[in-house]
file input-v3.cif (mmCIF, C-alpha atoms)
data_upload
#
loop_
_atom_site.label_atom_id
_atom_site.label_comp_id
_atom_site.auth_asym_id
_atom_site.auth_seq_id
_atom_site.Cartn_x
_atom_site.Cartn_y
_atom_site.Cartn_z
CA MET A 521 76.61 83.88 33.09
CA ILE A 522 74.72 84.11 36.41
CA LYS A 523 77.26 81.69 37.93
CA TYR A 524 80.18 83.98 37.00
CA ILE A 525 78.42 87.08 38.32
CA ARG A 526 77.84 85.36 41.69
CA LYS A 527 81.56 84.45 41.90
CA ALA A 528 82.55 88.07 41.20
CA VAL A 529 80.22 89.39 43.91
CA VAL A 530 81.65 86.93 46.43
CA SER A 531 85.23 87.95 45.52
CA ILE A 532 84.47 91.66 45.93
CA SER A 533 82.77 91.04 49.30
CA CYS A 534 85.79 89.11 50.59
CA PHE A 535 88.14 91.88 49.45
CA LEU A 536 86.09 94.54 51.26
CA CYS A 537 86.02 92.50 54.49
CA PHE A 538 89.79 92.07 54.29
CA MET A 539 90.30 95.83 53.94
CA LEU A 540 88.06 96.52 56.93
CA VAL A 541 90.11 94.38 59.28
CA LEU A 542 93.49 95.73 58.19
CA PRO A 543 95.40 97.62 60.97
CA ALA A 544 95.42 101.37 60.60
CA GLY A 545 99.17 101.34 60.07
CA VAL A 546 98.87 99.17 56.95
CA CYS A 547 96.80 101.85 55.28
CA GLY A 548 99.49 104.44 55.92
CA GLN A 549 97.86 106.02 58.97
CA SER A 550 99.68 105.75 62.29
CA ARG A 551 98.72 107.18 65.64
CA PRO A 552 100.89 110.08 66.75
CA MET A 553 103.38 109.24 69.46
CA SER A 554 102.90 111.22 72.66
CA THR A 555 106.06 112.89 73.92
CA SER A 556 106.92 114.45 77.19
CA THR A 557 106.71 118.22 77.19
CA SER A 558 109.70 118.55 79.44
CA ASP A 559 112.80 116.36 79.60
CA VAL A 560 114.93 118.62 81.76
CA ALA A 561 114.33 121.05 84.60
CA SER A 562 116.55 123.54 86.37
CA LEU A 563 117.11 123.63 90.13
CA GLU A 564 118.37 126.95 91.52
CA GLY A 565 119.06 128.01 95.07
CA ASN A 566 121.58 129.04 97.73
CA VAL A 567 123.57 127.38 100.50
CA VAL A 568 123.30 129.49 103.68
CA ASP A 569 124.15 129.43 107.37
CA ALA A 570 121.12 128.08 109.27
CA ASP A 571 121.40 130.78 111.96
CA THR A 572 122.60 133.89 110.15
CA ARG A 573 121.14 133.10 106.71
CA GLN A 574 124.44 134.34 105.22
CA PRO A 575 125.83 132.55 102.11
CA ILE A 576 128.50 129.89 102.67
CA PRO A 577 131.07 130.32 99.86
CA GLY A 578 133.09 127.22 99.08
CA ALA A 579 130.35 124.79 100.12
CA THR A 580 130.02 121.76 97.87
CA ILE A 581 126.66 120.39 96.77
CA LEU A 582 126.08 117.11 94.98
CA ALA A 583 122.89 115.87 93.33
CA ARG A 584 122.45 112.11 92.92
CA THR A 585 119.51 109.93 92.00
CA GLU A 586 118.06 107.42 94.43
CA SER A 587 119.94 104.71 92.53
CA GLY A 588 123.22 106.47 93.37
CA LYS A 589 124.00 108.05 89.99
CA VAL A 590 125.63 111.48 90.39
CA SER A 591 123.86 114.03 88.18
CA GLY A 592 125.98 117.04 89.15
CA GLU A 593 128.38 118.47 91.70
CA GLN A 594 129.25 122.11 92.33
CA THR A 595 131.30 124.34 94.62
CA VAL A 596 129.24 127.45 95.32
CA PRO A 597 130.68 130.97 94.81
CA ALA A 598 130.60 133.95 97.18
CA ASP A 599 126.82 134.37 97.01
CA GLY A 600 126.24 130.68 97.84
CA ALA A 601 124.26 130.12 94.64
CA PHE A 602 124.00 126.80 92.82
CA HIS A 603 122.29 125.65 89.64
CA PHE A 604 121.63 122.13 88.37
CA THR A 605 119.95 120.80 85.25
CA LEU A 606 118.06 117.66 86.24
CA ASP A 607 115.46 115.17 85.04
CA PRO A 608 112.08 116.19 86.56
CA LYS A 609 110.93 112.56 86.51
CA GLN A 610 113.65 111.51 88.97
CA THR A 611 113.85 111.82 92.74
CA TYR A 612 117.20 113.13 93.97
CA VAL A 613 119.29 113.30 97.12
CA LEU A 614 121.13 116.59 97.64
CA VAL A 615 124.32 116.19 99.67
CA THR A 616 125.81 119.47 100.92
CA LYS A 617 129.08 119.95 102.81
CA ALA A 618 131.13 122.91 104.03
CA SER A 619 134.11 123.36 106.32
CA GLY A 620 132.95 124.03 109.89
CA TYR A 621 129.38 122.87 109.19
CA GLN A 622 127.45 119.66 109.64
CA PRO A 623 126.87 117.90 106.29
CA ALA A 624 123.26 117.73 105.16
CA GLU A 625 121.29 115.31 102.99
CA GLU A 626 117.87 116.14 101.62
CA ARG A 627 115.52 114.34 99.25
CA LEU A 628 114.12 116.39 96.39
CA ALA A 629 111.34 115.63 93.93
CA PHE A 630 109.81 117.97 91.38
CA THR A 631 106.07 118.61 91.58
CA SER A 632 105.54 116.77 88.29
CA SER A 633 107.40 115.64 85.18
CA TYR A 634 106.16 118.82 83.47
CA THR A 635 107.94 121.18 85.88
CA ASN A 636 110.75 123.01 84.10
CA ARG A 637 112.11 125.18 86.91
CA LEU A 638 112.47 125.11 90.68
CA TYR A 639 114.02 128.25 92.12
CA GLY A 640 114.55 129.81 95.53
CA LYS A 641 115.70 126.53 97.13
CA LEU A 642 117.53 127.26 100.41
CA ILE A 643 119.86 124.68 101.91
CA ARG A 644 120.63 125.61 105.53
CA LEU A 645 123.75 124.20 107.14
CA LYS A 646 124.31 124.17 110.89
CA ARG A 647 127.71 124.85 112.41
CA THR A 648 129.46 121.92 114.05
CA ASP A 649 129.39 121.69 117.84
CA THR A 650 133.14 121.13 117.94
CA PRO A 651 134.86 124.06 119.73
CA THR A 652 137.09 126.11 117.46
CA PRO A 653 140.85 126.36 118.21
CA ALA A 654 142.11 129.14 120.49
CA THR A 655 143.31 131.16 117.53
CA GLN A 656 139.96 131.08 115.81
CA PRO A 657 137.64 133.18 118.02
CA ALA A 658 139.41 136.43 117.16
CA THR A 659 139.07 135.62 113.47
CA SER A 660 135.43 134.70 113.93
CA ARG A 661 134.72 137.95 115.75
CA GLN A 662 136.47 139.85 113.01
CA GLU A 663 134.32 138.08 110.45
CA ASN A 664 131.13 138.75 112.38
CA ALA A 665 131.86 142.29 113.54
CA PRO A 666 132.72 143.88 110.19
CA ARG A 667 129.55 142.72 108.45
CA PRO A 668 128.51 146.34 108.07
CA THR A 669 132.05 147.15 106.78
CA PRO A 670 132.19 145.09 103.55
CA PRO A 671 129.37 147.12 101.99
CA ALA A 672 131.55 150.22 102.46
CA GLN A 673 134.40 148.48 100.58
CA THR A 674 132.31 146.99 97.79
CA ALA A 675 129.00 148.76 98.19
CA GLY A 676 128.14 148.72 94.49
CA ALA A 677 128.87 145.03 94.01
CA ALA A 678 127.06 143.99 97.19
CA THR A 679 123.98 146.02 96.32
CA ALA A 680 123.85 144.60 92.82
CA THR A 681 124.21 141.04 94.07
CA ASN A 682 121.51 141.42 96.72
CA THR A 683 119.13 143.02 94.25
CA ALA A 684 119.62 140.20 91.78
CA THR A 685 119.10 137.61 94.50
CA VAL A 686 115.81 139.16 95.59
CA ALA A 687 114.62 139.35 91.99
CA THR A 688 115.36 135.73 91.03
CA ARG A 689 115.20 133.90 94.36
CA PRO A 690 112.21 135.06 96.40
CA THR A 691 112.28 134.68 100.18
CA PRO A 692 110.72 131.34 101.14
CA PRO A 693 107.51 131.44 103.19
CA PRO A 694 107.87 131.31 107.00
CA PRO A 695 107.66 127.96 108.81
CA LEU A 696 104.17 126.49 108.98
CA VAL A 697 102.68 126.32 112.48
CA ALA A 698 99.42 124.51 113.29
CA LYS A 699 97.78 122.89 116.33
CA THR A 700 95.61 119.78 116.64
CA GLY A 701 92.13 120.44 115.26
CA GLU A 702 93.28 123.65 113.57
CA THR A 703 92.62 124.19 109.86
CA THR A 704 95.13 126.15 107.80
CA GLN A 705 94.46 127.47 104.31
CA LEU A 706 97.31 126.73 101.90
CA ARG A 707 96.36 129.34 99.33
CA ALA A 708 99.80 129.46 97.72
CA ILE A 709 99.32 125.89 96.45
CA GLN A 710 97.80 126.74 93.08
CA PHE A 711 96.86 124.59 90.09
CA VAL A 712 96.34 124.94 86.36
CA GLN A 713 92.77 126.06 85.74
CA SER A 714 90.32 123.11 85.71
CA LYS A 715 93.20 120.62 86.05
CA PRO A 716 94.99 118.81 88.90
CA ASP A 717 98.41 120.00 87.64
CA LEU A 718 100.43 122.13 90.07
CA LEU A 719 101.75 125.48 88.93
CA PRO A 720 105.53 126.05 89.34
CA GLU A 721 104.72 128.94 91.70
CA ALA A 722 103.33 126.40 94.19
CA GLN A 723 106.75 124.89 94.87
CA PRO A 724 107.76 127.15 97.84
CA ALA A 725 104.44 126.44 99.60
CA LEU A 726 104.84 122.71 98.98
CA GLU A 727 108.30 122.81 100.54
CA GLN A 728 106.86 124.76 103.47
CA LEU A 729 104.31 121.97 104.01
CA LEU A 730 107.00 119.32 103.57
CA ALA A 731 109.21 121.01 106.19
CA PHE A 732 106.25 121.06 108.61
CA MET A 733 105.76 117.31 108.18
CA GLN A 734 109.49 116.64 108.54
CA ASN A 735 109.87 118.80 111.64
CA ASN A 736 106.82 117.20 113.28
CA PRO A 737 107.33 113.46 112.60
CA THR A 738 104.26 112.33 114.59
CA VAL A 739 101.78 114.76 113.03
CA GLU A 740 98.91 113.36 110.97
CA ILE A 741 96.95 115.66 108.68
CA GLU A 742 93.95 115.83 106.40
CA LEU A 743 94.30 117.70 103.11
CA SER A 744 90.97 118.93 101.76
CA GLY A 745 90.33 120.32 98.29
CA HIS A 746 87.69 122.96 97.49
CA THR A 747 86.40 124.59 94.30
CA ASP A 748 83.92 127.31 93.39
CA ASN A 749 80.46 126.43 92.01
CA GLN A 750 81.22 127.04 88.35
CA GLY A 751 80.83 124.10 85.99
CA ASN A 752 79.67 120.54 86.54
CA PHE A 753 79.17 119.58 90.20
CA ASP A 754 80.47 116.01 89.89
CA LYS A 755 83.54 117.14 87.96
CA ASN A 756 84.31 119.73 90.62
CA MET A 757 84.03 117.08 93.33
CA ALA A 758 86.42 114.80 91.46
CA LEU A 759 88.82 117.65 90.64
CA SER A 760 89.08 118.78 94.27
CA LYS A 761 90.02 115.22 95.33
CA GLU A 762 92.54 114.79 92.50
CA ARG A 763 94.29 118.03 93.47
CA VAL A 764 94.89 117.12 97.11
CA ASP A 765 96.00 113.65 96.00
CA VAL A 766 98.69 115.37 93.92
CA VAL A 767 99.87 117.27 97.02
CA LYS A 768 99.93 114.02 99.01
CA LYS A 769 101.92 112.34 96.24
CA PHE A 770 104.52 115.12 96.44
CA LEU A 771 104.90 114.67 100.21
CA VAL A 772 105.14 110.87 99.97
CA LYS A 773 107.67 111.14 97.15
CA ASN A 774 109.81 113.27 99.47
CA GLY A 775 109.82 110.75 102.30
CA ILE A 776 106.60 111.39 104.27
CA LYS A 777 104.69 108.19 105.13
CA ALA A 778 101.38 107.95 103.27
CA ARG A 779 99.50 106.84 106.40
CA ARG A 780 100.12 110.29 107.94
CA ILE A 781 98.09 112.03 105.22
CA SER A 782 94.41 111.59 104.41
CA THR A 783 92.72 113.46 101.55
CA LYS A 784 89.15 114.57 100.85
CA GLY A 785 87.57 116.49 98.02
CA TYR A 786 84.62 118.70 98.95
CA GLY A 787 84.18 120.42 95.60
CA PRO A 788 81.88 123.48 95.90
CA THR A 789 80.05 122.24 99.03
CA ARG A 790 82.01 124.29 101.59
CA PRO A 791 82.36 127.86 100.29
CA ILE A 792 83.89 130.51 102.52
CA ALA A 793 82.82 133.41 100.31
CA SER A 794 80.16 134.32 97.77
CA ASN A 795 80.30 132.73 94.32
CA ASN A 796 78.70 135.78 92.70
CA SER A 797 81.95 137.32 91.42
CA GLU A 798 85.34 136.09 90.27
CA GLU A 799 87.05 138.00 93.06
CA THR A 800 85.17 136.08 95.76
CA ARG A 801 85.07 132.78 93.87
CA ARG A 802 88.86 132.82 93.98
CA LEU A 803 88.67 132.54 97.76
CA ASN A 804 86.67 129.33 97.47
CA ARG A 805 89.30 127.65 95.27
CA ARG A 806 91.73 126.44 97.91
CA VAL A 807 93.59 123.61 99.63
CA GLU A 808 93.27 123.30 103.40
CA MET A 809 95.25 121.35 105.96
CA THR A 810 93.75 120.14 109.23
CA VAL A 811 95.99 118.65 111.92
CA LEU A 812 94.34 115.45 113.13
CA LYS A 813 97.04 114.31 115.54
CA GLN A 814 100.23 115.81 116.95
#
call {"tool": "encode", "arguments": {"input": "input-v3.cif", "output": "structure tokens"}}
result
Amino acid sequence: MIKYIRKAVVSISCFLCFMLVLPAGVCGQSRPMSTSTSDVASLEGNVVDADTRQPIPGATILARTESGKVSGEQTVPADGAFHFTLDPKQTYVLVTKASGYQPAEERLAFTSSYTNRLYGKLIRLKRTDTPTPATQPATSRQENAPRPTPPAQTAGAATATNTATVATRPTPPPPLVAKTGETTQLRAIQFVQSKPDLLPEAQPALEQLLAFMQNNPTVEIELSGHTDNQGNFDKNMALSKERVDVVKKFLVKNGIKARRISTKGYGPTRPIASNNSEETRRLNRRVEMTVLKQ
């Protein structure tokens, strides 16, 4: 009898060991699959004259991936507006053309794969240097001179269009200007609270910084991240570095060489205001750019 009892105990022990090493899926429990929160994003903007900032109706704009796949092509209407639905994980090349203007190509990358909208994008085309035919100047003067006149003919429509444009496509920030050794606060580059994820509202300021780097191809900069003193010190130090690394990644993704950008995270160690109230702590949460070399 004792012999049979021992055999039963051994059998039960082996069965329990077998159950313990079974994969979770065999027992009917599977780990949830993570999915992207955003598969598509919209790109909205206007094609305008680089000098007059007036819309260029009839301009064509094409969006293609870096591999050459065309994701969309449009001919812009009278207000110069365009709208594309794109994959935020891809980097694109925007090719814009218009009669009488130099064609333009521009690389575009979304701030992250979670961005679902980029608006207020301005594509500025420069007129060609080729002289216009003898019959054209009179027409050009007529087009330039009556600019105050069209509002009298279609005042209601023009006012409505302009109002809508201001409401949905805010004026981009002015060009960034900085000298060697000068530190500039980039306050408009904002992040999700306690995370290194950029807010969609940061896009115009990022493009402003990108334009500065493109227009000054020899400039080298340092991006420094700063936080307030709330929370864990070490986490704040790490967070401030992660945030400026995200900004650098955006610039590099849009064609700026990585060697031109260094990043440092100072956490709460360099406050510019008191940390005693939320109003002043907000001033300490910032990204700064210092020009190291022109």
call {"tool": "resolve_selection", "arguments": {"input": "input-v3.cif", "expression": "the PyMOL selection byres ((chain A and resi 563) around 12)", "output": "ChimeraX atom specification"}}
result
/A:560-562,564-566,583,591-592,601-608,612,614,628-630,635-642,689,720,723
call {"tool": "resolve_selection", "arguments": {"input": "input-v3.cif", "expression": "the PyMOL selection byres ((chain A and resi 732) around 12)", "output": "VMD selection string"}}
result
chain A and resid 693 to 699 725 to 731 733 to 741 771 776 809 811 814
call {"tool": "resolve_selection", "arguments": {"input": "input-v3.cif", "expression": "the PyMOL selection byres ((chain A and resi 742) around 10)", "output": "list in words"}}
result
Thr703, Glu740, Ile741, Leu743, Ser744, Gly745, Val764, Lys768, Arg780, Ile781, Ser782, Thr783, Lys784, Glu808, Met809, Thr810, Val811, Leu812 and Lys813 of chain A
call {"tool": "atom_distance", "arguments": {"input": "input-v3.cif", "atom1": "CA of Pro575 (chain A)", "atom2": "CA of Ala598 (chain A)"}}
result
7.0 Å
call {"tool": "atom_distance", "arguments": {"input": "input-v3.cif", "atom1": "CA of Gly701 (chain A)", "atom2": "CA of Val807 (chain A)"}}
result
16.0 Å
call {"tool": "residues_around", "arguments": {"input": "input-v3.cif", "residues": "Pro597 (chain A)", "least_positions_apart": "3", "cutoff": "8 Å", "atoms": "all atoms listed in the file", "output": "PyMOL selection string"}}
result
chain A and resi 577-578+600-601
call {"tool": "closest_residue", "arguments": {"input": "input-v3.cif", "among": "A:Lys617, A:Arg790, A:Arg627, A:Lys609", "to": "Arg584 (chain A)", "atoms": "all atoms listed in the file"}}
result
A:Arg627
